[in-house]
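Peer 1: I'd like to ask you about the structure that follows.
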Number of protein chains: 2
Amino acid sequence: MNPAAVFDCFTAYQKTAAMQAAVDIGLFSAIAAGANTVPAIAKASAASPKGVRVLCDYWTVQGLLVKAGNSYQLTPEAANFLDRKSPAYLGGVMGFLNGPIKPFFERLTHAVRNGGRETVGSVETEYDGWVPFAREMGAMMFPAAQAISKLVGPVSGAVLDVAAGHGLFGIVLAQANPNVRVTALDWPNVLAVAKQHAAGMGVGDRYTTIAGDAFTVDLKGPYDLILLTNLLHHFDREQCTALLKRLRAALRPGGKLVTLEFVPNEDRVSPPMSATFPLVMLASTARGDAYTFAELDQMLRAAGFGQSKLHQPEDSAQQIIVSI
Amino acid sequence: MNPAAVFDCFTAYQKTAAMQAAVDIGLFSAIAAGANTVPAIAKASAASPKGVRVLCDYWTVQGLLVKAGNSYQLTPEAANFLDRKSPAYLGGVMGFLNGPIKPFFERLTHAVRNGGRETVGSVETEYDGWVPFAREMGAMMFPAAQAISKLVGPVSGAVLDVAAGHGLFGIVLAQANPNVRVTALDWPNVLAVAKQHAAGMGVGDRYTTIAGDAFTVDLKGPYDLILLTNLLHHFDREQCTALLKRLRAALRPGGKLVTLEFVPNEDRVSPPMSATFPLVMLASTARGDAYTFAELDQMLRAAGFGQSKLHQPEDSAQQIIVSI
């Protein structure tokens, strides 16, 4: 029997390290810009010919480069997601995914034994990992932000973006709807990043902020729409329900709550990204999880929402729930 | 375009962490022993139900478990390689692969820029990572050790096992050939492990040792056969040639050198394990690499060997070269 698949798990961390090195030196970008041989790529990326040769052969085996003779080309995926000049460039997300989140995984065995971290982890007050998150993870969230904007259709009025982070969800909605005013809620150091993004993307004049903890801060309002993106999974059901009650109270009658989440199916082993996401919460929080739609619907109802509907956007691995 | 394959690279380290946690708590072994539901597995592995549920669903998505309703079963690969009671159990190798080797990858970007580590890394004198290597990596090397034994056929006389590590290569050869006496060469703390293995596997009375550096220690000899397994890749061509000259001088006329290596094809991007192995050497040594057969043959000839022949064993991802 071939141990390759098992061996791959033992050494998978090397793949992340090889991606970090490739992103750091701009390997894929150098090839996209026309450097195709080891000497040319090495020169363009200010790296050693040996290091470049090893890395290029590695990524050829792993399927992100194609090698013909001594010449390397990007696969379509690499060209789309790993060339810094591509609008869909994702390399920056390593600043978060291979940055502040990584040390949590050093203690995963303990978290498995314990049912979570012994401290609150990434949801601690003003956790400084959310700044690199806000700076880098927006790139990953464009398709979901566009899906939300498309799903809710034309809107106007006051929108609250809870735990706004990079701010993309509110910003993309404001770009599509000139009469939308966004209020972004997050920690002060994170809001600085969101405000910068809002200004850079042309909606800075319709962008205000609330600094603080979503569980306790004055939410102001009322709002016509509330965006609750990638927040619930950090908390247990009681905490989620308590937060949802606060949001319900901040909505205008007839207002909508739009939740972006990793929503595993009832089998809890599909779709892949939502089904494996609980591992990240187990490692990085005390009580977080990914909830099925039935579980989320129950929390939403307990918080006073009526009907909720689950949507699977085409271009995102996550799911969207619209609640009224 | 789906970013799943690229995203998988960003977070691949989480897969290793999930495997470490599963190995640490004995998740696969508990399921092999008949625990199939979350409460039963949690009890058998002294872990939390939530942690076990998250880990089992994760490994179902990753293809090492199968879930039906609330019941988990091992795939054939998991049963063969990840159940502690299986003779082919490999979980222990994480003690090396996810242990002393891992920190080298924290500085991979620097190694890519520099063409290798700035210090000798894993080949430093009495590097303490070789003790966990010797303790754990034998499990991974059984198929290759058996392939070597089969390839060389019946032998007798004095065998030198250079950088013996766990000792498996010499030990398996001695088990198959009652008139073989093995001399194992390695650092003293590593030899303690090899001797223990030799005694446990019934060849302790035909097992002697030389403690020291293969480049400088008195090799004694002459030998009928020299085993040179997984050593050359740590060094550059000049160092390899110098070592091969010493080994050639320690062989009896008509004696054979058997080299186990990661030998990439001329294209350097196949077969997968040998083609990606240079990354490990780039990260962990100053000047190591994986060499093609043409490169190795050139070093062997420069060291005085005549004919060398490359073999691909069926049950190993590595290659064997027999030189006379």
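In the structure tokens, chains take letters A, B, ... by order of appearance, with residues numbered from 1 within each chain and ligands from 1 in the order shown.
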I'd like the contact shell of segment 192-200 of chain A - 6 Å cut-off, only C-alpha atoms, skipping same-chain residues fewer than 6 positions apart - returned as a list of chain:residue names.
Peer 2: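 The residues that qualify are A:His166, A:Gly167, A:Ile171.
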Peer 1: Within 7 Å of chain B, which residues of chain A show up when using only C-alpha atoms, listed as JSON, numbers by chain?
Peer 2: {"A": [9, 10, 11, 12, 13, 14, 15, 16, 17, 19, 21, 24, 46, 47, 48, 50, 51, 52, 54, 55, 57, 58, 60, 61, 94, 97, 98, 105, 108, 109, 111, 112, 113, 114, 115, 268, 269, 272, 275, 276, 278, 279]}
Peer 1: Residues as selected, C-alpha atoms, written as a tab-separated table (two decimals), in the first residue's frame, can you do that?
Peer 2:
chain	number	residue	atom	x	y	z
A	9	CYS	CA	-0.16	14.93	5.95
A	10	PHE	CA	3.02	14.49	8.03
A	11	THR	CA	4.87	17.09	5.97
A	12	ALA	CA	2.02	19.36	4.81
A	13	TYR	CA	3.49	22.26	6.80
A	14	GLN	CA	6.37	22.28	4.29
A	15	LYS	CA	3.88	23.17	1.56
A	16	THR	CA	2.78	26.27	3.45
A	17	ALA	CA	6.43	27.20	4.04
A	19	MET	CA	4.19	28.99	-0.51
A	21	ALA	CA	8.80	31.62	0.45
A	24	ASP	CA	7.91	36.47	-0.12
A	46	ALA	CA	16.59	38.69	-5.89
A	47	ALA	CA	17.02	35.07	-4.83
A	48	SER	CA	19.66	32.40	-5.34
A	50	LYS	CA	19.61	27.13	-6.35
A	51	GLY	CA	16.74	28.29	-4.15
A	52	VAL	CA	14.69	29.26	-7.19
A	54	VAL	CA	14.30	23.97	-5.89
A	55	LEU	CA	11.18	26.06	-5.37
A	57	ASP	CA	10.55	22.23	-9.26
A	58	TYR	CA	8.60	21.86	-6.02
A	60	THR	CA	5.78	22.06	-10.63
A	61	VAL	CA	5.30	18.79	-8.75
A	94	MET	CA	-0.67	34.44	4.23
A	97	LEU	CA	-3.40	32.63	7.69
A	98	ASN	CA	0.30	31.80	8.11
A	105	PHE	CA	-2.13	25.19	15.94
A	108	LEU	CA	-4.11	21.72	18.79
A	109	THR	CA	-3.67	18.43	20.67
A	111	ALA	CA	-7.50	21.88	22.30
A	112	VAL	CA	-8.75	18.46	21.10
A	113	ARG	CA	-8.39	17.06	24.61
A	114	ASN	CA	-9.96	20.14	26.18
A	115	GLY	CA	-12.71	20.88	23.61
A	268	ARG	CA	-21.02	17.90	8.93
A	269	VAL	CA	-18.54	16.58	6.33
A	272	PRO	CA	-15.25	20.83	2.35
A	275	ALA	CA	-16.88	21.23	7.20
A	276	THR	CA	-13.18	21.62	8.05
A	278	PRO	CA	-14.41	23.96	12.96
A	279	LEU	CA	-10.77	22.85	13.30
Peer 1: What is the atom CA of Ala211 of chain A to atom CA of Trp187 of chain A distance in Å?
Peer 2: 5.3 Å
Peer 1: DSSP says alpha helix (DSSP H) for which residues of segment 20-64 of chain A? Put them as a JSON list (two decimals) with C-alpha atoms, in the first residue's frame?
Peer 2:
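states.json, written as the output of this step:
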[["chain", "number", "residue", "atom", "x", "y", "z"],
["A", 20, "GLN", "CA", 5.32, 31.60, 1.99],
["A", 21, "ALA", "CA", 8.80, 31.62, 0.45],
["A", 22, "ALA", "CA", 7.34, 31.87, -3.07],
["A", 23, "VAL", "CA", 5.09, 34.76, -2.04],
["A", 24, "ASP", "CA", 7.91, 36.47, -0.12],
["A", 25, "ILE", "CA", 10.30, 36.52, -3.07],
["A", 27, "LEU", "CA", 8.26, 33.87, -7.52],
["A", 28, "PHE", "CA", 4.94, 33.58, -9.33],
["A", 29, "SER", "CA", 4.90, 37.31, -10.10],
["A", 30, "ALA", "CA", 8.40, 37.11, -11.62],
["A", 31, "ILE", "CA", 7.29, 34.28, -13.91],
["A", 32, "ALA", "CA", 4.11, 36.18, -14.81],
["A", 38, "VAL", "CA", 16.07, 29.74, -13.21],
["A", 39, "PRO", "CA", 18.68, 32.48, -13.83],
["A", 40, "ALA", "CA", 16.04, 34.97, -15.01],
["A", 41, "ILE", "CA", 13.64, 34.23, -12.16],
["A", 42, "ALA", "CA", 16.47, 34.38, -9.63],
["A", 43, "LYS", "CA", 17.52, 37.78, -10.92],
["A", 44, "ALA", "CA", 13.95, 39.13, -11.00],
["A", 49, "PRO", "CA", 19.53, 30.27, -8.50],
["A", 50, "LYS", "CA", 19.61, 27.13, -6.35],
["A", 51, "GLY", "CA", 16.74, 28.29, -4.15],
["A", 52, "VAL", "CA", 14.69, 29.26, -7.19],
["A", 53, "ARG", "CA", 15.38, 25.96, -8.96],
["A", 54, "VAL", "CA", 14.30, 23.97, -5.89],
["A", 55, "LEU", "CA", 11.18, 26.06, -5.37],
["A", 56, "CYS", "CA", 10.16, 26.01, -9.06],
["A", 57, "ASP", "CA", 10.55, 22.23, -9.26],
["A", 58, "TYR", "CA", 8.60, 21.86, -6.02],
["A", 59, "TRP", "CA", 5.69, 23.95, -7.35],
["A", 60, "THR", "CA", 5.78, 22.06, -10.63],
["A", 61, "VAL", "CA", 5.30, 18.79, -8.75]]
Peer 1: Find the residues around Thr119 of chain B up to 9 Å (only C-alpha atoms counted), leave out those fewer than 5 positions away in its own chain, and share them as a list in words.
Peer 2: Glu124, Thr285 and Ala286 of chain B
Peer 1: Please return, as a PyMOL selection string, all residues of segment 40-99 of chain A that DSSP assigns to strand (DSSP E or B) on the basis of the backbone.
Peer 2: chain A and resi 65-68+71-74
Peer 1: Please identify all polymer residues within 6 Å of Lys256 of chain B, counting only C-alpha atoms, omitting same-chain residues fewer than 2 positions from it, and present them as number ranges by chain.
Peer 2: B: 225, 323-324
Peer 1: Please compute the atom CA of Leu160 of chain B-atom CA of Asp224 of chain B distance, one decimal, in Å.
Peer 2: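 Result for atom CA of Leu160 of chain B versus atom CA of Asp224 of chain B: 8.3 Å, one decimal.
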Peer 1: Which residues are near Gly157 of chain B? Cut-off 8 Å, only C-alpha atoms, ignore same chain within fewer than 2 positions. Put them as a PDB file with N, CA and C atoms, in the first residue's frame.
Peer 2:
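File written: out38.pdb
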ATOM      1  N   VAL B 155      24.307 -12.489   0.749  1.00  0.00           N
ATOM      2  CA  VAL B 155      25.637 -11.910   0.996  1.00  0.00           C
ATOM      3  C   VAL B 155      26.208 -12.470   2.290  1.00  0.00           C
ATOM      4  N   VAL B 159      29.817  -5.854   6.618  1.00  0.00           N
ATOM      5  CA  VAL B 159      28.979  -4.803   6.027  1.00  0.00           C
ATOM      6  C   VAL B 159      29.125  -3.526   6.857  1.00  0.00           C
ATOM      7  N   ASN B 179      25.442 -14.918   7.854  1.00  0.00           N
ATOM      8  CA  ASN B 179      26.895 -14.756   7.926  1.00  0.00           C
ATOM      9  C   ASN B 179      27.359 -13.316   7.749  1.00  0.00           C
ATOM     10  N   VAL B 180      26.412 -12.405   7.820  1.00  0.00           N
ATOM     11  CA  VAL B 180      26.768 -10.988   7.724  1.00  0.00           C
ATOM     12  C   VAL B 180      27.042 -10.426   9.117  1.00  0.00           C
ATOM     13  N   ARG B 181      28.142  -9.675   9.203  1.00  0.00           N
ATOM     14  CA  ARG B 181      28.436  -8.900  10.419  1.00  0.00           C
ATOM     15  C   ARG B 181      28.342  -7.419  10.059  1.00  0.00           C
ATOM     16  N   TYR B 223      35.496  -3.910   3.812  1.00  0.00           N
ATOM     17  CA  TYR B 223      34.122  -4.407   3.842  1.00  0.00           C
ATOM     18  C   TYR B 223      33.749  -5.075   2.522  1.00  0.00           C
ATOM     19  N   ASP B 224      32.837  -6.031   2.631  1.00  0.00           N
ATOM     20  CA  ASP B 224      32.295  -6.682   1.430  1.00  0.00           C
ATOM     21  C   ASP B 224      31.168  -5.861   0.819  1.00  0.00           C
TER      22      ASP B 224
END
Peer 1: Set the distance at 10 Å and use only C-alpha atoms: which residues neighbour Arg248 of chain B once local chain neighbours fewer than 5 positions away are removed? I'd like the list as a JSON list (two decimals) with all heavy atoms, in the first residue's frame.
Peer 2:
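This is the output file part06.json:
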[["chain", "number", "residue", "atom", "x", "y", "z"],
["B", 222, "PRO", "N", 38.63, -3.99, 5.69],
["B", 222, "PRO", "CA", 37.79, -3.74, 4.52],
["B", 222, "PRO", "C", 36.42, -4.42, 4.63],
["B", 222, "PRO", "O", 36.25, -5.35, 5.40],
["B", 222, "PRO", "CB", 38.60, -4.34, 3.38],
["B", 222, "PRO", "CG", 39.34, -5.46, 4.02],
["B", 222, "PRO", "CD", 39.66, -5.01, 5.43],
["B", 223, "TYR", "N", 35.50, -3.91, 3.81],
["B", 223, "TYR", "CA", 34.12, -4.41, 3.84],
["B", 223, "TYR", "C", 33.75, -5.07, 2.52],
["B", 223, "TYR", "O", 34.24, -4.68, 1.46],
["B", 223, "TYR", "CB", 33.15, -3.25, 4.13],
["B", 223, "TYR", "CG", 33.39, -2.63, 5.48],
["B", 223, "TYR", "CD1", 34.15, -1.47, 5.62],
["B", 223, "TYR", "CD2", 32.88, -3.23, 6.64],
["B", 223, "TYR", "CE1", 34.39, -0.90, 6.86],
["B", 223, "TYR", "CE2", 33.12, -2.67, 7.90],
["B", 223, "TYR", "CZ", 33.88, -1.51, 8.00],
["B", 223, "TYR", "OH", 34.11, -0.97, 9.23],
["B", 226, "ILE", "N", 29.03, -1.94, 1.47],
["B", 226, "ILE", "CA", 28.79, -0.71, 2.24],
["B", 226, "ILE", "C", 27.40, -0.19, 1.90],
["B", 226, "ILE", "O", 27.02, -0.09, 0.73],
["B", 226, "ILE", "CB", 29.86, 0.36, 1.95],
["B", 226, "ILE", "CG1", 31.24, -0.14, 2.40],
["B", 226, "ILE", "CG2", 29.51, 1.68, 2.65],
["B", 226, "ILE", "CD1", 32.38, 0.86, 2.19],
["B", 242, "ALA", "N", 34.27, 13.30, -2.00],
["B", 242, "ALA", "CA", 35.29, 13.01, -0.98],
["B", 242, "ALA", "C", 34.86, 11.84, -0.10],
["B", 242, "ALA", "O", 35.67, 10.94, 0.20],
["B", 242, "ALA", "CB", 35.54, 14.26, -0.13],
["B", 243, "LEU", "N", 33.61, 11.83, 0.30],
["B", 243, "LEU", "CA", 33.11, 10.72, 1.12],
["B", 243, "LEU", "C", 33.13, 9.41, 0.34],
["B", 243, "LEU", "O", 33.55, 8.36, 0.87],
["B", 243, "LEU", "CB", 31.68, 11.03, 1.60],
["B", 243, "LEU", "CG", 31.01, 9.94, 2.43],
["B", 243, "LEU", "CD1", 31.79, 9.69, 3.74],
["B", 243, "LEU", "CD2", 29.57, 10.31, 2.77],
["B", 253, "PRO", "N", 38.31, -5.50, -2.71],
["B", 253, "PRO", "CA", 38.15, -5.62, -4.16],
["B", 253, "PRO", "C", 36.93, -6.49, -4.48],
["B", 253, "PRO", "O", 36.75, -7.55, -3.86],
["B", 253, "PRO", "CB", 39.45, -6.31, -4.61],
["B", 253, "PRO", "CG", 40.45, -6.01, -3.52],
["B", 253, "PRO", "CD", 39.67, -5.89, -2.25],
["B", 255, "GLY", "N", 33.98, -5.60, -3.81],
["B", 255, "GLY", "CA", 32.90, -5.21, -2.90],
["B", 255, "GLY", "C", 31.92, -4.25, -3.57],
["B", 255, "GLY", "O", 32.20, -3.68, -4.62],
["B", 256, "LYS", "N", 30.75, -4.14, -2.95],
["B", 256, "LYS", "CA", 29.68, -3.32, -3.54],
["B", 256, "LYS", "C", 29.31, -2.14, -2.64],
["B", 256, "LYS", "O", 29.27, -2.29, -1.41],
["B", 256, "LYS", "CB", 28.40, -4.16, -3.68],
["B", 256, "LYS", "CG", 28.32, -5.01, -4.91],
["B", 256, "LYS", "CD", 26.98, -5.75, -4.91],
["B", 256, "LYS", "CE", 26.98, -6.85, -5.95],
["B", 256, "LYS", "NZ", 25.82, -7.75, -5.82],
["B", 257, "LEU", "N", 28.97, -1.04, -3.26],
["B", 257, "LEU", "CA", 28.37, 0.08, -2.53],
["B", 257, "LEU", "C", 26.89, 0.16, -2.90],
["B", 257, "LEU", "O", 26.55, 0.19, -4.08],
["B", 257, "LEU", "CB", 29.06, 1.40, -2.93],
["B", 257, "LEU", "CG", 28.44, 2.66, -2.32],
["B", 257, "LEU", "CD1", 28.74, 2.77, -0.83],
["B", 257, "LEU", "CD2", 28.95, 3.92, -3.05],
["B", 300, "LEU", "N", 30.39, 9.13, -8.34],
["B", 300, "LEU", "CA", 30.85, 7.76, -8.06],
["B", 300, "LEU", "C", 32.08, 7.43, -8.90],
["B", 300, "LEU", "O", 33.05, 6.85, -8.41],
["B", 300, "LEU", "CB", 29.71, 6.77, -8.32],
["B", 300, "LEU", "CG", 28.61, 6.76, -7.25],
["B", 300, "LEU", "CD1", 27.29, 6.24, -7.82],
["B", 300, "LEU", "CD2", 29.03, 5.93, -6.02],
["B", 303, "ALA", "N", 35.12, 9.07, -7.71],
["B", 303, "ALA", "CA", 35.60, 8.44, -6.48],
["B", 303, "ALA", "C", 36.24, 7.09, -6.74],
["B", 303, "ALA", "O", 36.73, 6.43, -5.81],
["B", 303, "ALA", "CB", 34.45, 8.29, -5.49],
["B", 304, "GLY", "N", 36.23, 6.65, -8.00],
["B", 304, "GLY", "CA", 36.90, 5.39, -8.33],
["B", 304, "GLY", "C", 35.99, 4.21, -8.57],
["B", 304, "GLY", "O", 36.47, 3.10, -8.85],
["B", 305, "PHE", "N", 34.69, 4.40, -8.46],
["B", 305, "PHE", "CA", 33.78, 3.29, -8.75],
["B", 305, "PHE", "C", 33.68, 3.10, -10.26],
["B", 305, "PHE", "O", 33.88, 4.04, -11.04],
["B", 305, "PHE", "CB", 32.39, 3.55, -8.17],
["B", 305, "PHE", "CG", 32.35, 3.39, -6.67],
["B", 305, "PHE", "CD1", 32.57, 4.49, -5.84],
["B", 305, "PHE", "CD2", 32.16, 2.14, -6.09],
["B", 305, "PHE", "CE1", 32.57, 4.35, -4.46],
["B", 305, "PHE", "CE2", 32.15, 2.00, -4.70],
["B", 305, "PHE", "CZ", 32.36, 3.10, -3.88],
["B", 323, "SER", "N", 26.73, 0.09, -6.89],
["B", 323, "SER", "CA", 27.99, 0.45, -7.58],
["B", 323, "SER", "C", 29.05, -0.60, -7.28],
["B", 323, "SER", "O", 29.19, -1.06, -6.14],
["B", 323, "SER", "CB", 28.49, 1.81, -7.08],
["B", 323, "SER", "OG", 27.48, 2.78, -7.17],
["B", 324, "ILE", "N", 29.80, -0.94, -8.33],
["B", 324, "ILE", "CA", 30.90, -1.89, -8.14],
["B", 324, "ILE", "C", 32.21, -1.24, -8.62],
["B", 324, "ILE", "O", 32.20, -0.23, -9.29],
["B", 324, "ILE", "CB", 30.66, -3.22, -8.90],
["B", 324, "ILE", "CG1", 30.29, -2.95, -10.36],
["B", 324, "ILE", "CG2", 29.56, -4.01, -8.20],
["B", 324, "ILE", "CD1", 30.18, -4.22, -11.20]]
Peer 1: Which is closer to Asp83 of chain B than all the others in B:Ala33, B:Val172, B:Gly165, B:Thr183, using only C-alpha atoms?
Peer 2: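 Of the candidates, the smallest distance to Asp83 of chain B is held by B:Ala33.
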Peer 1: Quote the spacing between atom CA of Pro132 of chain B and atom CA of Ala164 of chain B in Å to one decimal place.
Peer 2: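 Between these atoms lies a distance of 13.3 Å.
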